[in-house]
file model-v1.cif (mmCIF, C-alpha atoms)
data_final
loop_
_atom_site.label_atom_id
_atom_site.label_comp_id
_atom_site.auth_asym_id
_atom_site.auth_seq_id
_atom_site.Cartn_x
_atom_site.Cartn_y
_atom_site.Cartn_z
CA MET D 1 0.00 0.00 0.00
CA ALA D 2 1.36 3.42 -0.98
CA ARG D 3 1.99 5.80 1.91
CA ILE D 4 0.88 9.45 1.96
CA THR D 5 3.67 11.73 3.08
CA LEU D 6 3.43 15.10 4.84
CA GLU D 7 4.44 16.74 1.56
CA ASP D 8 1.47 15.09 -0.17
CA LEU D 9 -0.91 16.43 2.49
CA ASP D 10 0.54 19.92 2.14
CA ARG D 11 0.15 19.73 -1.62
CA LEU D 12 -3.48 18.62 -1.30
CA GLY D 13 -4.14 21.53 1.08
CA ASP D 14 -2.63 23.98 -1.40
CA GLU D 15 -4.79 22.60 -4.22
CA GLU D 16 -7.94 22.92 -2.09
CA GLU D 17 -7.05 26.54 -1.26
CA GLU D 18 -6.46 27.30 -4.93
CA GLY D 19 -9.81 25.73 -5.80
CA GLU D 20 -11.52 27.83 -3.14
CA GLU D 21 -9.85 30.99 -4.50
CA GLU D 22 -10.94 30.19 -8.06
CA GLY D 23 -14.44 29.44 -6.85
CA GLY D 24 -14.46 32.76 -4.99
CA GLU D 25 -13.38 34.60 -8.14
CA ASP D 26 -16.16 32.91 -10.14
CA GLU D 27 -18.69 33.96 -7.51
CA GLU D 28 -17.38 37.53 -7.59
CA ASP D 29 -17.58 37.58 -11.39
CA GLU D 30 -21.15 36.31 -11.25
CA GLU D 31 -22.08 38.90 -8.65
CA GLU D 32 -20.54 41.68 -10.75
CA ARG D 33 -22.36 40.35 -13.83
CA GLY D 34 -25.65 40.36 -11.94
CA ARG D 35 -25.08 43.85 -10.53
CA LEU D 36 -24.25 45.34 -13.95
CA PHE D 37 -27.21 43.64 -15.61
CA ALA D 38 -29.61 44.86 -12.90
CA HIS D 39 -28.33 48.42 -13.33
CA TRP D 40 -28.70 48.35 -17.13
CA GLU D 41 -32.10 46.67 -16.78
CA ALA D 42 -33.29 49.55 -14.57
CA VAL D 43 -32.03 52.08 -17.13
CA ALA D 44 -33.72 50.17 -19.98
CA SER D 45 -37.03 50.24 -18.10
CA THR D 46 -36.90 54.05 -18.01
CA HIS D 47 -36.59 53.92 -21.81
CA ARG D 48 -39.56 51.54 -21.90
CA VAL D 49 -37.62 48.63 -23.36
CA ASN D 50 -36.90 45.16 -22.01
CA LEU D 51 -33.27 44.10 -21.60
CA PRO D 52 -32.77 40.51 -22.84
CA ARG D 53 -30.73 38.16 -20.64
CA ASP D 54 -28.27 37.57 -23.49
CA MET D 55 -27.13 41.18 -23.13
CA ALA D 56 -25.31 40.33 -19.87
CA GLY D 57 -22.17 39.20 -21.75
CA PRO D 58 -21.83 42.33 -23.93
CA ILE D 59 -22.55 44.57 -20.92
CA VAL D 60 -19.75 42.98 -18.88
CA GLN D 61 -17.33 43.14 -21.82
CA MET D 62 -18.09 46.80 -22.54
CA ASN D 63 -17.63 47.60 -18.86
CA ARG D 64 -14.18 45.94 -18.83
CA HIS D 65 -13.06 48.06 -21.77
CA ARG D 66 -14.74 51.32 -20.67
CA GLN D 67 -11.40 53.12 -20.25
CA THR D 68 -10.16 52.32 -23.77
CA ARG D 69 -12.29 54.18 -26.28
CA GLU D 70 -11.18 55.44 -29.66
CA ALA D 71 -12.28 58.92 -30.73
CA VAL D 72 -13.83 59.35 -34.17
CA PRO D 73 -11.19 61.28 -36.16
CA HIS D 74 -11.97 64.93 -36.81
CA VAL D 75 -10.47 68.39 -37.15
CA ALA D 76 -11.59 71.29 -34.92
CA LEU D 77 -12.03 74.32 -37.17
CA SER D 78 -13.15 77.03 -34.74
CA GLN D 79 -14.58 77.68 -31.28
CA HIS D 80 -17.12 80.32 -30.28
CA GLY D 81 -18.26 81.70 -26.95
CA LYS D 82 -16.48 82.95 -23.85
CA CYS D 83 -17.84 80.45 -21.36
CA GLU D 84 -18.21 76.69 -21.57
CA GLU D 85 -21.98 76.77 -21.08
CA ALA D 86 -22.53 78.97 -24.13
CA ALA D 87 -19.63 77.72 -26.26
CA TYR D 88 -19.97 75.85 -29.52
CA GLU D 89 -17.42 74.43 -31.93
CA GLU D 90 -17.17 73.80 -35.64
CA ARG D 91 -15.59 70.52 -36.79
CA GLN D 92 -14.83 68.57 -39.94
CA TYR D 93 -15.24 64.79 -39.96
CA PRO D 94 -13.69 62.79 -42.83
CA ALA D 95 -15.45 60.07 -44.79
CA GLY D 96 -15.45 56.72 -43.02
CA LYS D 97 -17.20 53.39 -42.55
CA TRP D 98 -19.93 53.11 -39.93
CA ALA D 99 -22.15 50.28 -38.67
CA CYS D 100 -25.72 51.61 -38.80
CA VAL D 101 -29.12 50.54 -37.50
CA THR D 102 -32.42 52.30 -38.22
CA LYS D 103 -35.40 52.03 -35.87
CA GLY D 104 -38.79 53.73 -35.83
CA GLU D 105 -40.25 52.98 -32.41
CA PRO D 106 -43.00 55.12 -30.80
CA LEU D 107 -40.42 56.84 -28.55
CA TYR D 108 -36.98 58.20 -29.46
CA GLU D 109 -35.50 56.50 -26.36
CA GLN D 110 -36.85 53.13 -27.47
CA SER D 111 -35.33 53.46 -30.94
CA ILE D 112 -31.84 54.37 -29.75
CA SER D 113 -31.87 51.74 -26.97
CA LEU D 114 -32.84 48.87 -29.29
CA SER D 115 -30.33 50.01 -31.93
CA PHE D 116 -27.49 50.33 -29.42
CA MET D 117 -28.15 46.83 -28.07
CA LYS D 118 -27.76 45.47 -31.59
CA LEU D 119 -24.53 47.43 -32.06
CA MET D 120 -23.19 46.22 -28.68
CA ARG D 121 -23.62 42.60 -29.78
CA TYR D 122 -21.83 43.41 -33.04
CA ILE D 123 -18.98 45.18 -31.23
CA CYS D 124 -18.50 42.42 -28.65
CA LYS D 125 -18.62 39.22 -30.71
CA GLU D 126 -21.42 38.89 -33.26
CA ASN D 127 -19.21 39.75 -36.23
CA SER D 128 -17.31 37.81 -38.87
CA VAL D 129 -14.01 37.86 -36.91
CA GLY D 130 -15.71 36.75 -33.68
CA CYS D 131 -13.87 39.14 -31.35
CA TYR D 132 -14.27 42.42 -29.48
CA LEU D 133 -13.80 45.23 -32.02
CA GLY D 134 -13.34 48.15 -29.62
CA MET D 135 -15.59 51.06 -28.68
CA THR D 136 -15.48 54.35 -30.55
CA VAL D 137 -17.07 57.65 -29.54
CA PRO D 138 -19.27 59.39 -30.17
CA VAL D 139 -22.13 57.13 -31.27
CA LEU D 140 -24.36 59.18 -33.57
CA ASN D 141 -28.15 59.33 -33.67
CA GLU D 142 -29.42 61.06 -36.80
CA ILE D 143 -32.86 62.60 -36.36
CA HIS D 144 -35.35 64.53 -38.49
CA LEU D 145 -37.92 67.11 -37.46
CA THR D 146 -41.47 67.07 -38.77
CA LYS D 147 -42.43 69.82 -41.24
CA GLU D 148 -43.90 71.84 -38.39
CA GLY D 149 -40.58 71.54 -36.52
CA THR D 150 -42.33 70.71 -33.24
CA GLU D 151 -41.73 66.95 -33.10
CA LEU D 152 -39.19 64.32 -34.13
CA GLU D 153 -39.88 61.91 -36.93
CA ARG D 154 -40.11 58.35 -35.58
CA GLU D 155 -37.24 56.96 -37.68
CA VAL D 156 -33.79 57.32 -36.05
CA LEU D 157 -30.50 56.12 -37.55
CA THR D 158 -27.88 55.07 -34.96
CA ALA D 159 -24.28 54.84 -36.20
CA TYR D 160 -21.09 53.36 -34.68
CA TYR D 161 -17.75 54.32 -36.25
CA ILE D 162 -15.71 51.25 -37.21
CA PRO D 163 -12.36 51.42 -35.34
CA GLY D 164 -9.31 52.44 -37.38
CA GLU D 165 -7.89 48.90 -37.28
CA PHE D 166 -10.90 47.63 -39.25
CA GLN D 167 -11.73 50.66 -41.42
CA GLN D 168 -10.35 49.16 -44.63
CA ASN D 169 -12.08 45.82 -44.15
CA PRO D 170 -14.92 46.06 -41.60
CA PRO D 171 -16.05 42.76 -40.03
CA ALA D 172 -19.44 41.70 -41.37
CA PRO D 173 -22.33 41.84 -38.89
CA MET D 174 -24.26 38.67 -38.07
CA ASP D 175 -27.43 40.74 -37.60
CA PRO D 176 -29.09 41.56 -40.96
CA GLU D 177 -30.46 44.83 -39.51
CA ILE D 178 -26.92 46.22 -39.15
CA HIS D 179 -25.51 47.77 -42.32
CA ILE D 180 -21.92 48.86 -42.94
CA THR D 181 -22.10 52.23 -44.66
CA GLU D 182 -19.50 54.59 -46.10
CA ARG D 183 -20.58 58.00 -44.81
CA ALA D 184 -19.50 61.15 -46.65
CA PRO D 185 -17.35 63.86 -45.04
CA LEU D 186 -19.34 65.93 -42.58
CA ARG D 187 -18.95 69.50 -41.38
CA VAL D 188 -20.88 70.29 -38.22
CA ILE D 189 -21.41 72.96 -35.57
CA THR D 190 -21.60 71.30 -32.15
CA ARG D 191 -22.76 72.18 -28.65
CA VAL D 192 -22.38 70.11 -25.47
CA PHE D 193 -25.24 69.21 -23.14
CA TYR D 194 -25.51 66.68 -20.30
CA GLY D 195 -28.08 64.16 -19.07
CA VAL D 196 -30.57 61.77 -20.61
CA THR D 197 -31.68 62.25 -24.20
CA THR D 198 -35.41 62.27 -24.86
CA GLU D 199 -37.49 63.94 -27.55
CA GLU D 200 -38.22 66.73 -25.08
CA THR D 201 -34.58 67.40 -24.14
CA ILE D 202 -33.43 67.21 -27.77
CA LEU D 203 -36.05 69.68 -29.00
CA ARG D 204 -35.08 72.02 -26.17
CA GLU D 205 -31.38 71.80 -27.05
CA ILE D 206 -32.10 72.44 -30.72
CA SER D 207 -34.13 75.53 -29.81
CA LEU D 208 -31.42 76.84 -27.46
CA PHE D 209 -28.75 76.31 -30.11
CA TRP D 210 -30.78 78.23 -32.70
CA GLU D 211 -31.10 81.12 -30.25
CA LEU D 212 -27.32 81.08 -29.81
CA LEU D 213 -26.53 80.92 -33.54
CA GLY D 214 -29.21 83.31 -34.75
CA SER D 215 -30.88 83.10 -38.14
CA THR D 216 -28.73 81.38 -40.79
CA ASP D 217 -29.21 79.32 -43.93
CA ALA D 218 -25.75 77.76 -43.61
CA VAL D 219 -27.05 74.65 -41.76
CA LEU D 220 -29.82 72.12 -42.36
CA GLN D 221 -33.04 72.89 -40.55
CA GLU D 222 -34.78 69.50 -40.60
CA THR D 223 -31.92 67.05 -39.97
CA TYR D 224 -29.74 67.00 -36.84
CA ILE D 225 -27.40 64.62 -35.05
CA VAL D 226 -27.28 63.75 -31.36
CA ALA D 227 -23.73 62.60 -30.52
CA VAL D 228 -23.42 60.40 -27.41
CA TYR D 229 -20.08 59.94 -25.64
CA GLU D 230 -21.04 57.64 -22.75
CA ASN D 231 -23.18 54.55 -22.37
CA PRO D 232 -26.88 54.82 -21.44
CA SER D 233 -26.27 53.60 -17.87
CA ILE D 234 -24.59 56.93 -16.93
CA PRO D 235 -27.26 59.46 -15.81
CA GLN D 236 -25.33 62.71 -16.44
CA ARG D 237 -23.65 61.54 -19.63
CA ARG D 238 -22.05 63.92 -22.09
CA ASN D 239 -23.91 64.54 -25.34
CA GLU D 240 -23.69 67.02 -28.19
CA ILE D 241 -26.24 68.42 -30.58
CA TRP D 242 -24.82 68.73 -34.11
CA PHE D 243 -26.05 71.21 -36.69
CA ILE D 244 -25.04 70.02 -40.16
CA ARG D 245 -23.51 72.57 -42.55
CA ARG D 246 -24.90 72.61 -46.04
CA ALA D 247 -22.58 71.44 -48.79
CA GLU D 248 -20.93 74.40 -50.49
#
call {"tool": "encode", "arguments": {"input": "model-v1.cif", "output": "structure tokens"}}
result
Amino acid sequence: MARITLEDLDRLGDEEEEGEEEGGEDEEDEEERGRLFAHWEAVASTHRVNLPRDMAGPIVQMNRHRQTREAVPHVALSQHGKCEEAAYEERQYPAGKWACVTKGEPLYEQSISLSFMKLMRYICKENSVGCYLGMTVPVLNEIHLTKEGTELEREVLTAYYIPGEFQQNPPAPMDPEIHITERAPLRVITRVFYGVTTEETILREISLFWELLGSTDAVLQETYIVAVYENPSIPQRRNEIWFIRRAE
């Protein structure tokens, strides 16, 4: 009969401790996963959408990479205003490839939430290379005013800039509702605002920006862009309203 030495007992004890540590880490990961999902679920409910359970993976992955975000390339042309609250900036964005989703839900918040969930899945794994692509900011929501200018049209296009590494050959989306589009160069006048984005807040920001700019025919008056720099789970997130300059 083989004998068990003191060294064997020590080794078994070490293995048990390692197993307990790994088990503890798994429990912590599961707790973190549950906490993040519950938070996003609460945010989704305020937008009147349901958060599917399969979004837990993308949420955790996006959270892990939240500090590494690539800015959409652009050139700042000019700044106006003496204080930050009243300031606005003019920028030029080059042509580039974007992943786009269009939704026309009853509420603006529903459209952008459902579109962003689709884009999150694409960014995290549901693409032809099967890996995390990387987050870029801002995510753009292109909106249109009704002829009266008092409401938003239901249809909203949400666009995610393909990271520089994949610009030449963007990974194909698995979701047929996501389209890779080459968007033309864009010249915009931008103004920062903070908080949640709803039809009410967007219409207010558009009105305030028009008051600041004054009467001009240099920008489009029915199409605007809401640029979002942080994920929907952040209450006081940074946004911008973009006025689009007419082509010269």
call {"tool": "closest_residue", "arguments": {"input": "model-v1.cif", "among": "D:Pro52, D:Gly195, D:Gly34, D:Pro185", "to": "Pro94 in chain D", "atoms": "all atoms listed in the file"}}
result
D:Pro185
call {"tool": "closest_atom_pairs", "arguments": {"input": "model-v1.cif", "of": "range 59-99 of chain D", "to": "range 126-139 of chain D", "cutoff": "12 Å", "atoms": "all atoms listed in the file", "output": "tab-separated table"}}
result
residue	atom	partner	partner_atom	distance
D:Val60	CA	D:Tyr132	CA	11.9
D:Gln61	CA	D:Tyr132	CA	8.3
D:Met62	CA	D:Met135	CA	7.9
D:Asn63	CA	D:Met135	CA	10.6
D:Arg64	CA	D:Gly134	CA	11.0
D:His65	CA	D:Gly134	CA	7.9
D:Arg66	CA	D:Met135	CA	8.1
D:Gln67	CA	D:Met135	CA	9.6
D:Thr68	CA	D:Met135	CA	7.4
D:Arg69	CA	D:Met135	CA	5.1
D:Glu70	CA	D:Thr136	CA	4.5
D:Ala71	CA	D:Val137	CA	5.1
D:Val72	CA	D:Val137	CA	5.9
D:Pro73	CA	D:Val137	CA	9.6
D:His74	CA	D:Pro138	CA	11.3
D:Tyr93	CA	D:Pro138	CA	11.9
D:Trp98	CA	D:Val139	CA	9.8
D:Ala99	CA	D:Val139	CA	10.1
call {"tool": "closest_residue", "arguments": {"input": "model-v1.cif", "among": "D:Tyr229, D:Tyr224, D:Tyr160, D:Trp210", "to": "Val188 in chain D", "atoms": "only C-alpha atoms"}}
result
D:Tyr224
call {"tool": "closest_residue", "arguments": {"input": "model-v1.cif", "among": "D:Ser111, D:Ala218, D:Glu89, D:Ala38", "to": "Thr198 in chain D", "atoms": "only C-alpha atoms"}}
result
D:Ser111
call {"tool": "atom_distance", "arguments": {"input": "model-v1.cif", "atom1": "CA of His80 in chain D", "atom2": "CA of Lys97 in chain D"}}
result
29.6 Å
